[in-house]
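Text of model32.txt, listed as compact mmCIF, C-alpha atoms:
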# COMPACT_ATOMS: atom_id res chain seq x y z
CA MET A 12 -0.78 22.12 -12.87
CA PRO A 13 -2.26 18.64 -12.26
CA ARG A 14 -5.85 18.66 -11.04
CA SER A 15 -6.56 17.67 -7.46
CA SER A 16 -9.54 16.55 -5.43
CA THR A 17 -9.61 18.07 -1.95
CA TYR A 18 -12.04 17.25 0.84
CA GLU A 19 -12.27 16.66 4.59
CA ALA A 20 -12.22 13.17 6.10
CA VAL A 21 -13.67 12.71 9.59
CA LEU A 22 -11.41 10.84 12.02
CA ASP A 23 -12.41 8.29 14.64
CA ALA A 24 -10.56 6.17 17.19
CA SER A 25 -10.62 3.02 15.02
CA LEU A 26 -8.14 4.59 12.58
CA PHE A 27 -5.36 5.02 15.15
CA THR A 28 -2.82 3.21 17.24
CA PRO A 29 -1.79 5.05 20.44
CA VAL A 30 0.94 6.85 18.47
CA GLN A 31 -0.29 7.42 14.90
CA LEU A 32 -2.72 6.62 12.10
CA GLN A 33 -2.64 2.89 11.39
CA PRO A 34 -0.97 1.97 8.08
CA THR A 35 -4.04 -0.07 7.12
CA ALA A 36 -6.27 2.94 7.79
CA VAL A 37 -4.01 5.15 5.67
CA GLY A 38 -4.20 2.55 2.89
CA ARG A 39 -8.00 2.62 2.95
CA LEU A 40 -8.07 6.43 2.97
CA ALA A 41 -5.59 6.48 0.05
CA PHE A 42 -7.62 4.02 -2.00
CA GLN A 43 -10.78 6.02 -1.37
CA ALA A 44 -8.94 9.22 -2.36
CA GLY A 45 -7.72 7.75 -5.64
CA THR A 46 -11.19 6.41 -6.40
CA ARG A 47 -12.63 9.86 -5.72
CA TRP A 48 -10.12 11.57 -8.04
CA MET A 49 -10.99 9.15 -10.85
CA ARG A 50 -14.70 9.75 -10.31
CA ASP A 51 -14.22 13.54 -10.30
CA HIS A 52 -12.01 13.73 -13.38
CA VAL A 53 -12.26 10.52 -15.46
CA CYS A 54 -15.04 8.09 -14.48
CA SER A 55 -16.27 6.19 -11.45
CA HIS A 56 -14.71 2.90 -10.36
CA ARG A 57 -17.93 1.07 -11.19
CA THR A 58 -18.05 2.60 -14.68
CA LEU A 59 -14.39 1.75 -15.21
CA VAL A 60 -14.99 -1.92 -14.44
CA HIS A 61 -18.49 -2.41 -15.80
CA GLU A 62 -18.45 -0.32 -18.98
CA HIS A 63 -14.78 -0.05 -19.94
CA GLN A 64 -13.77 -3.54 -18.70
CA VAL A 65 -10.65 -2.02 -17.15
CA GLY A 66 -9.28 -2.78 -13.71
CA PHE A 67 -6.16 -1.75 -11.83
CA VAL A 68 -3.84 -3.90 -9.75
CA LEU A 69 -1.65 -2.07 -7.26
CA TRP A 70 2.00 -3.09 -7.38
CA SER A 71 3.91 -0.31 -5.58
CA TRP A 72 3.00 1.86 -2.59
CA GLN A 73 4.92 4.21 -0.31
CA LEU A 74 3.72 5.71 2.96
CA GLU A 75 5.65 8.49 4.69
CA TYR A 76 4.70 9.83 8.11
CA VAL A 77 5.70 13.50 7.98
CA HIS A 78 4.33 15.16 11.15
CA PRO A 79 2.80 13.51 14.21
CA LEU A 80 -0.98 13.09 14.22
CA ARG A 81 -2.77 11.30 17.06
CA PHE A 82 -6.41 10.71 17.78
CA LEU A 83 -6.73 13.67 20.18
CA ASP A 84 -5.07 16.10 17.77
CA ALA A 85 -7.93 16.68 15.31
CA ASP A 86 -11.52 15.87 14.38
CA GLU A 87 -10.76 15.67 10.67
CA VAL A 88 -7.95 15.85 8.14
CA LEU A 89 -7.77 17.62 4.80
CA VAL A 90 -7.30 15.09 2.01
CA ASP A 91 -5.63 16.21 -1.19
CA VAL A 92 -5.11 13.78 -4.07
CA THR A 93 -3.68 13.99 -7.59
CA ALA A 94 -3.21 11.36 -10.29
CA ARG A 95 -1.32 10.90 -13.54
CA VAL A 96 -0.68 8.32 -16.20
CA ARG A 97 2.92 7.07 -16.41
CA GLY A 98 5.02 4.90 -18.69
CA PRO A 99 5.79 5.04 -22.44
CA ARG A 100 2.49 3.31 -23.34
CA ALA A 101 0.24 4.56 -20.52
CA SER A 102 1.14 1.41 -18.61
CA GLN A 103 0.77 2.81 -15.08
CA LEU A 104 -1.54 4.97 -13.01
CA GLU A 105 0.17 6.89 -10.21
CA VAL A 106 -1.84 8.47 -7.38
CA GLU A 107 -0.42 10.75 -4.69
CA MET A 108 -2.27 11.69 -1.52
CA THR A 109 -1.59 13.90 1.49
CA LEU A 110 -3.47 14.08 4.79
CA GLU A 111 -3.11 17.46 6.48
CA GLY A 112 -3.76 18.00 10.17
CA PRO A 113 -3.25 20.94 12.54
CA ALA A 114 0.57 20.72 12.28
CA GLY A 115 0.57 20.52 8.47
CA VAL A 116 0.90 17.46 6.24
CA ALA A 117 0.89 14.43 8.51
CA VAL A 118 0.95 11.65 5.91
CA ARG A 119 2.04 11.36 2.29
CA THR A 120 1.42 8.35 0.05
CA ARG A 121 2.24 7.39 -3.52
CA ALA A 122 0.64 4.43 -5.31
CA ALA A 123 1.44 2.95 -8.72
CA SER A 124 -1.05 0.58 -10.37
CA VAL A 125 -1.02 -1.42 -13.59
CA PRO A 126 -4.14 -1.41 -15.84
CA LEU A 127 -5.80 -4.74 -16.64
CA ARG A 128 -8.08 -5.82 -19.47
CA LEU A 129 -10.82 -7.62 -17.56
CA SER A 130 -12.20 -10.94 -18.80
CA GLY A 131 -15.71 -10.24 -17.56
CA ASP A 132 -15.88 -12.98 -14.91
CA GLU A 133 -16.93 -12.40 -11.32
CA ALA A 134 -13.34 -12.80 -10.13
CA LEU A 135 -12.40 -9.66 -12.11
CA SER A 136 -9.49 -11.57 -13.61
CA GLY A 137 -7.57 -9.88 -16.38
CA ALA A 138 -4.29 -9.37 -18.21
CA PRO A 139 -1.98 -6.32 -18.15
CA ARG A 140 -2.71 -3.75 -20.84
CA SER A 141 -2.10 -0.11 -21.63
CA LEU A 142 -4.79 2.26 -20.49
CA PRO A 143 -7.28 2.66 -23.37
CA GLU A 144 -6.93 5.85 -25.37
CA ALA A 145 -10.51 6.82 -24.53
CA LEU A 146 -9.45 7.06 -20.87
CA VAL A 147 -6.01 8.57 -21.47
CA THR A 148 -7.60 11.53 -23.26
CA ALA A 149 -9.39 12.40 -20.01
CA PHE A 150 -6.01 13.25 -18.46
CA HIS A 151 -4.50 16.70 -19.04
CA ASP A 152 -1.07 17.04 -20.64
CA ASP A 153 0.61 17.71 -17.27
CA GLU A 154 -1.00 14.54 -15.92
CA ILE A 155 0.85 12.31 -18.42
CA GLU A 156 4.49 11.32 -17.88
CA ARG A 157 6.42 9.00 -20.18
CA THR A 158 8.94 7.75 -17.61
CA PRO A 159 7.64 4.85 -15.50
CA HIS A 160 7.32 4.77 -11.73
CA ARG A 161 9.93 2.49 -10.12
CA SER A 162 9.48 0.67 -6.82
CA GLN A 163 12.10 1.19 -4.08
CA VAL A 164 11.44 -2.08 -2.26
CA ARG A 165 14.16 -4.20 -3.84
CA ALA A 166 16.82 -1.51 -3.37
CA LEU A 167 15.82 -0.99 0.26
CA GLY A 168 16.02 -4.71 1.04
CA ALA A 169 19.39 -5.05 -0.67
CA GLY A 170 20.71 -2.08 1.29
CA PHE A 171 19.75 -3.65 4.62
CA GLU A 172 21.41 -6.91 3.58
CA ARG A 173 24.63 -5.08 2.73
CA GLU A 174 24.68 -3.43 6.15
CA ASP A 175 24.55 -6.97 7.62
CA ASP A 176 23.03 -5.87 10.93
CA GLN A 177 20.38 -8.57 11.16
CA LEU A 178 18.74 -8.72 14.59
CA ALA A 179 16.13 -11.47 14.32
CA VAL A 180 14.18 -13.64 11.88
CA GLY A 181 10.77 -15.22 12.35
CA GLU A 182 7.73 -16.63 10.56
CA THR A 183 4.04 -16.00 11.15
CA GLN A 184 0.96 -17.31 9.33
CA PHE A 185 -2.32 -15.58 8.50
CA ARG A 186 -5.42 -16.92 6.79
CA VAL A 187 -7.07 -14.70 4.16
CA HIS A 188 -10.69 -14.50 5.27
CA ARG A 189 -13.52 -12.73 3.55
CA HIS A 190 -13.21 -9.59 5.67
CA HIS A 191 -9.67 -9.24 4.26
CA CYS A 192 -10.99 -9.33 0.70
CA GLU A 193 -12.50 -7.04 -1.91
CA VAL A 194 -15.48 -7.79 -4.16
CA ALA A 195 -13.46 -10.25 -6.26
CA ASP A 196 -12.73 -12.61 -3.31
CA GLN A 197 -9.02 -11.82 -3.38
CA TRP A 198 -7.21 -9.96 -0.65
CA TYR A 199 -7.69 -6.22 -0.43
CA TRP A 200 -4.16 -4.84 -0.70
CA ALA A 201 -4.40 -2.62 2.39
CA GLU A 202 -5.02 -5.66 4.60
CA THR A 203 -1.50 -6.92 3.83
CA LEU A 204 -0.18 -3.91 5.74
CA GLY A 205 -1.96 -5.35 8.77
CA PHE A 206 -0.43 -8.79 8.14
CA ALA A 207 3.03 -7.17 8.13
CA ALA A 208 2.35 -5.16 11.28
CA GLY A 209 1.11 -8.29 13.06
CA ALA A 210 4.21 -10.22 11.98
CA ARG A 211 6.43 -7.42 13.32
CA GLU A 212 4.71 -7.49 16.70
CA GLU A 213 4.97 -11.29 16.88
CA LEU A 214 8.71 -11.13 16.09
CA VAL A 215 9.33 -8.55 18.81
CA MET A 216 7.34 -10.52 21.40
CA ARG A 217 9.30 -13.67 20.59
CA HIS A 218 12.79 -12.13 20.49
CA GLY A 219 12.49 -8.90 22.50
CA LYS A 220 13.91 -10.43 25.66
CA ALA A 221 17.05 -11.67 23.91
CA VAL A 222 17.33 -8.57 21.68
CA PRO A 223 16.10 -5.63 23.82
CA GLY A 224 16.58 -3.13 21.00
CA LEU A 225 13.63 -4.71 19.19
CA ARG A 226 11.19 -3.59 21.88
CA ARG A 227 11.19 -0.07 20.50
CA ALA A 228 9.12 -1.39 17.59
CA LEU A 229 6.13 -1.94 19.91
CA ALA A 230 5.96 1.69 21.07
CA ALA A 231 7.70 3.95 18.57
CA PRO A 232 5.81 5.23 15.49
CA LEU A 233 6.57 4.07 11.98
CA ARG A 234 8.15 6.67 9.77
CA ARG A 235 7.96 4.93 6.38
CA VAL A 236 6.39 1.89 4.72
CA ASP A 237 7.28 0.63 1.21
CA VAL A 238 5.41 -2.23 -0.46
CA SER A 239 5.57 -4.16 -3.70
CA TRP A 240 2.80 -6.60 -4.65
CA LEU A 241 3.73 -9.35 -7.11
CA ARG A 242 0.67 -11.60 -6.87
CA ALA A 243 -2.66 -11.37 -5.08
CA GLY A 244 -3.61 -13.67 -2.25
CA GLN A 245 -6.94 -15.44 -2.72
CA LEU A 246 -9.78 -16.13 -0.32
CA TRP A 247 -8.81 -18.73 2.33
CA ASP A 248 -5.14 -18.81 1.29
CA LEU A 249 -2.82 -19.48 4.21
CA ILE A 250 -0.15 -16.79 4.00
CA GLN A 251 3.28 -17.28 5.53
CA VAL A 252 5.11 -14.10 6.49
CA ARG A 253 8.88 -14.31 6.87
CA THR A 254 10.11 -11.28 8.79
CA THR A 255 13.69 -10.09 9.15
CA ALA A 256 14.57 -7.28 11.56
CA HIS A 257 17.58 -5.07 10.85
CA GLY A 258 19.30 -2.42 12.88
CA THR A 259 19.87 0.77 10.91
CA GLY A 260 21.71 3.99 11.59
CA GLU A 261 18.35 5.67 12.13
CA GLY A 262 16.54 2.94 14.03
CA LEU A 263 14.95 -0.34 12.95
CA ALA A 264 13.76 -1.83 9.68
CA PHE A 265 11.54 -4.89 9.16
CA VAL A 266 11.39 -6.71 5.83
CA HIS A 267 8.35 -8.97 5.42
CA GLU A 268 7.99 -11.50 2.60
CA LEU A 269 4.43 -12.78 2.19
CA ARG A 270 4.15 -16.19 0.49
CA LEU A 271 1.62 -18.97 0.09
CA ALA A 272 2.31 -21.40 2.94
CA GLY A 273 3.79 -24.67 1.72
CA ASP A 274 4.74 -23.28 -1.69
CA GLU A 275 8.51 -23.40 -1.33
CA ASP A 276 9.20 -22.93 -5.04
CA GLY A 277 6.83 -20.01 -5.60
CA GLY A 278 7.95 -16.44 -5.29
CA PRO A 279 6.62 -13.93 -2.76
CA TYR A 280 3.14 -12.51 -3.13
CA ALA A 281 4.25 -9.22 -1.62
CA VAL A 282 7.20 -7.58 0.13
CA VAL A 283 6.61 -4.99 2.85
CA VAL A 284 9.40 -2.84 4.31
CA GLU A 285 8.65 -0.97 7.53
CA GLN A 286 11.09 1.59 8.96
CA ILE A 287 10.96 2.92 12.52
Can you turn what I pasted into structure tokens?
Amino acid sequence: MPRSSTYEAVLDASLFTPVQLQPTAVGRLAFQAGTRWMRDHVCSHRTLVHEHQVGFVLWSWQLEYVHPLRFLDADEVLVDVTARVRGPRASQLEVEMTLEGPAGVAVRTRAASVPLRLSGDEALSGAPRSLPEALVTAFHDDEIERTPHRSQVRALGAGFEREDDQLAVGETQFRVHRHHCEVADQWYWAETLGFAAGAREELVMRHGKAVPGLRRALAAPLRRVDVSWLRAGQLWDLIQVRTTAHGTGEGLAFVHELRLAGDEDGGPYAVVVEQI
């Protein structure tokens, strides 16, 4: 059975909206959980970067809200996290986390990252590589899987397009400031969840009068978020978010494409799919 790290995380009001844990807060808790598992069973994040010259870039993340959890429901949650190496050449690290409250598991996440060979500069730049054998041997046999993790973002977006129930489209811009960044002066991936949430709220405020069904997105909880990161935003980049709202059989879906403003020929930096 794969090894886990289990511990309690104290909750405070800053982690919540009125209806649930904020996606950005869940992202930070998930990143901390994965870092803790690596420290407990392989090596610390600092050792990984400084001594092994290995970094990870997150490219796929899923968040599922399972049972309701609000600020007044609990003082802490039980965090449980596992990790495994995936891909035919140890080309991915997959981390799964659950947050358990009084009603059971409230949140479940799955993250897939790609290892990088770091160049040694302060920007922590690097090129994709397989995880070094010295690190792979720290994983148990049941923590190694040869089939790769596959992102669901493209399939989800295509499915909404086929349904052809588009409700509204809009664009919003955000500047990447230092408080959005990690140590390498590039955006911290969890902050992009906040960019997407802000773009959703802006779209609803602009079009909610003409399309009343959109207003539900300002009060109802999210039930799932899927993200794929293709490139990292850098400090002081101006990010343009193009948001498309779709009606679904179960509610609403918002597809956000994050791009560098003014770069019409470049592809998206990230795609975020929120379902309500």
Counting only C-alpha atoms, which residues of range 115-181 of chain A fall within 10 Å of range 215-232 of chain A, and what is the closest atom pair for each with its distance in Å at one decimal, ordered by chain and rising number, as CSV?
residue,atom,partner,partner_atom,distance
A:Leu178,CA,A:Val222,CA,7.2
A:Ala179,CA,A:His218,CA,7.0
A:Val180,CA,A:His218,CA,8.9
A:Gly181,CA,A:Arg217,CA,8.5
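Using all atoms listed in the file, the smallest distance between any of A:Arg121, A:Arg253, A:Arg270, A:Glu261 and Gly209 in chain A comes from A:Arg253.
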request  = May I ask for the distance between CA of His52 in chain A and CA of Gly38 in chain A, given in Å to one decimal place?
outcome  =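 Straight-line distance from CA of His52 in chain A to CA of Gly38 in chain A works out to 21.2 Å.
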inquiry  = Calculated over all atoms listed in the file, which of the candidates A:Pro29, A:Pro139, A:Gly244, A:Gly170 has the smallest distance to Gly260 in chain A?
reply    =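 That would be A:Gly170, the residue with the smallest distance to Gly260 in chain A.
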message = Env of range 157-169 of chain A: 12 Å cut, atoms = all atoms listed in the file, seq-sep filter 2 positions within chain, self excluded. Answer as a ChimeraX atom specification.
response = /A:69-74,95-106,121-125,152-155,171-175,177,235-241,254-257,259,264-268,281-286
Please produce a file of those selected residues containing C-alpha atoms, as a PDB file, in the coordinates of the input.
ATOM      1  CA  LEU A  69      -1.650  -2.070  -7.260  1.00  0.00           C
ATOM      2  CA  TRP A  70       2.000  -3.090  -7.380  1.00  0.00           C
ATOM      3  CA  SER A  71       3.910  -0.310  -5.580  1.00  0.00           C
ATOM      4  CA  TRP A  72       3.000   1.860  -2.590  1.00  0.00           C
ATOM      5  CA  GLN A  73       4.920   4.210  -0.310  1.00  0.00           C
ATOM      6  CA  LEU A  74       3.720   5.710   2.960  1.00  0.00           C
ATOM      7  CA  ARG A  95      -1.320  10.900 -13.540  1.00  0.00           C
ATOM      8  CA  VAL A  96      -0.680   8.320 -16.200  1.00  0.00           C
ATOM      9  CA  ARG A  97       2.920   7.070 -16.410  1.00  0.00           C
ATOM     10  CA  GLY A  98       5.020   4.900 -18.690  1.00  0.00           C
ATOM     11  CA  PRO A  99       5.790   5.040 -22.440  1.00  0.00           C
ATOM     12  CA  ARG A 100       2.490   3.310 -23.340  1.00  0.00           C
ATOM     13  CA  ALA A 101       0.240   4.560 -20.520  1.00  0.00           C
ATOM     14  CA  SER A 102       1.140   1.410 -18.610  1.00  0.00           C
ATOM     15  CA  GLN A 103       0.770   2.810 -15.080  1.00  0.00           C
ATOM     16  CA  LEU A 104      -1.540   4.970 -13.010  1.00  0.00           C
ATOM     17  CA  GLU A 105       0.170   6.890 -10.210  1.00  0.00           C
ATOM     18  CA  VAL A 106      -1.840   8.470  -7.380  1.00  0.00           C
ATOM     19  CA  ARG A 121       2.240   7.390  -3.520  1.00  0.00           C
ATOM     20  CA  ALA A 122       0.640   4.430  -5.310  1.00  0.00           C
ATOM     21  CA  ALA A 123       1.440   2.950  -8.720  1.00  0.00           C
ATOM     22  CA  SER A 124      -1.050   0.580 -10.370  1.00  0.00           C
ATOM     23  CA  VAL A 125      -1.020  -1.420 -13.590  1.00  0.00           C
ATOM     24  CA  ASP A 152      -1.070  17.040 -20.640  1.00  0.00           C
ATOM     25  CA  ASP A 153       0.610  17.710 -17.270  1.00  0.00           C
ATOM     26  CA  GLU A 154      -1.000  14.540 -15.920  1.00  0.00           C
ATOM     27  CA  ILE A 155       0.850  12.310 -18.420  1.00  0.00           C
ATOM     28  CA  PHE A 171      19.750  -3.650   4.620  1.00  0.00           C
ATOM     29  CA  GLU A 172      21.410  -6.910   3.580  1.00  0.00           C
ATOM     30  CA  ARG A 173      24.630  -5.080   2.730  1.00  0.00           C
ATOM     31  CA  GLU A 174      24.680  -3.430   6.150  1.00  0.00           C
ATOM     32  CA  ASP A 175      24.550  -6.970   7.620  1.00  0.00           C
ATOM     33  CA  GLN A 177      20.380  -8.570  11.160  1.00  0.00           C
ATOM     34  CA  ARG A 235       7.960   4.930   6.380  1.00  0.00           C
ATOM     35  CA  VAL A 236       6.390   1.890   4.720  1.00  0.00           C
ATOM     36  CA  ASP A 237       7.280   0.630   1.210  1.00  0.00           C
ATOM     37  CA  VAL A 238       5.410  -2.230  -0.460  1.00  0.00           C
ATOM     38  CA  SER A 239       5.570  -4.160  -3.700  1.00  0.00           C
ATOM     39  CA  TRP A 240       2.800  -6.600  -4.650  1.00  0.00           C
ATOM     40  CA  LEU A 241       3.730  -9.350  -7.110  1.00  0.00           C
ATOM     41  CA  THR A 254      10.110 -11.280   8.790  1.00  0.00           C
ATOM     42  CA  THR A 255      13.690 -10.090   9.150  1.00  0.00           C
ATOM     43  CA  ALA A 256      14.570  -7.280  11.560  1.00  0.00           C
ATOM     44  CA  HIS A 257      17.580  -5.070  10.850  1.00  0.00           C
ATOM     45  CA  THR A 259      19.870   0.770  10.910  1.00  0.00           C
ATOM     46  CA  ALA A 264      13.760  -1.830   9.680  1.00  0.00           C
ATOM     47  CA  PHE A 265      11.540  -4.890   9.160  1.00  0.00           C
ATOM     48  CA  VAL A 266      11.390  -6.710   5.830  1.00  0.00           C
ATOM     49  CA  HIS A 267       8.350  -8.970   5.420  1.00  0.00           C
ATOM     50  CA  GLU A 268       7.990 -11.500   2.600  1.00  0.00           C
ATOM     51  CA  ALA A 281       4.250  -9.220  -1.620  1.00  0.00           C
ATOM     52  CA  VAL A 282       7.200  -7.580   0.130  1.00  0.00           C
ATOM     53  CA  VAL A 283       6.610  -4.990   2.850  1.00  0.00           C
ATOM     54  CA  VAL A 284       9.400  -2.840   4.310  1.00  0.00           C
ATOM     55  CA  GLU A 285       8.650  -0.970   7.530  1.00  0.00           C
ATOM     56  CA  GLN A 286      11.090   1.590   8.960  1.00  0.00           C
TER      57      GLN A 286
END
task = May I ask which of the residues A:Ala201, A:Leu127, A:Leu233, A:Leu142 is the closest one to Leu80 in chain A, counting only C-alpha atoms?
result =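 When distances to Leu80 in chain A are compared using only C-alpha atoms, the smallest one comes from A:Leu233.
Using all atoms listed in the file for every distance, the candidate list A:Val88, A:Ala114, A:Leu146, A:Val60 yields A:Val60 as the residue closest to Val194 in chain A.
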ask   = To one decimal place, how far is CA of Ile287 in chain A from CA of Gly262 in chain A in Å?
value = 5.8 Å
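As for CA of Arg81 in chain A and CA of Glu19 in chain A, they are spaced 16.6 Å apart.
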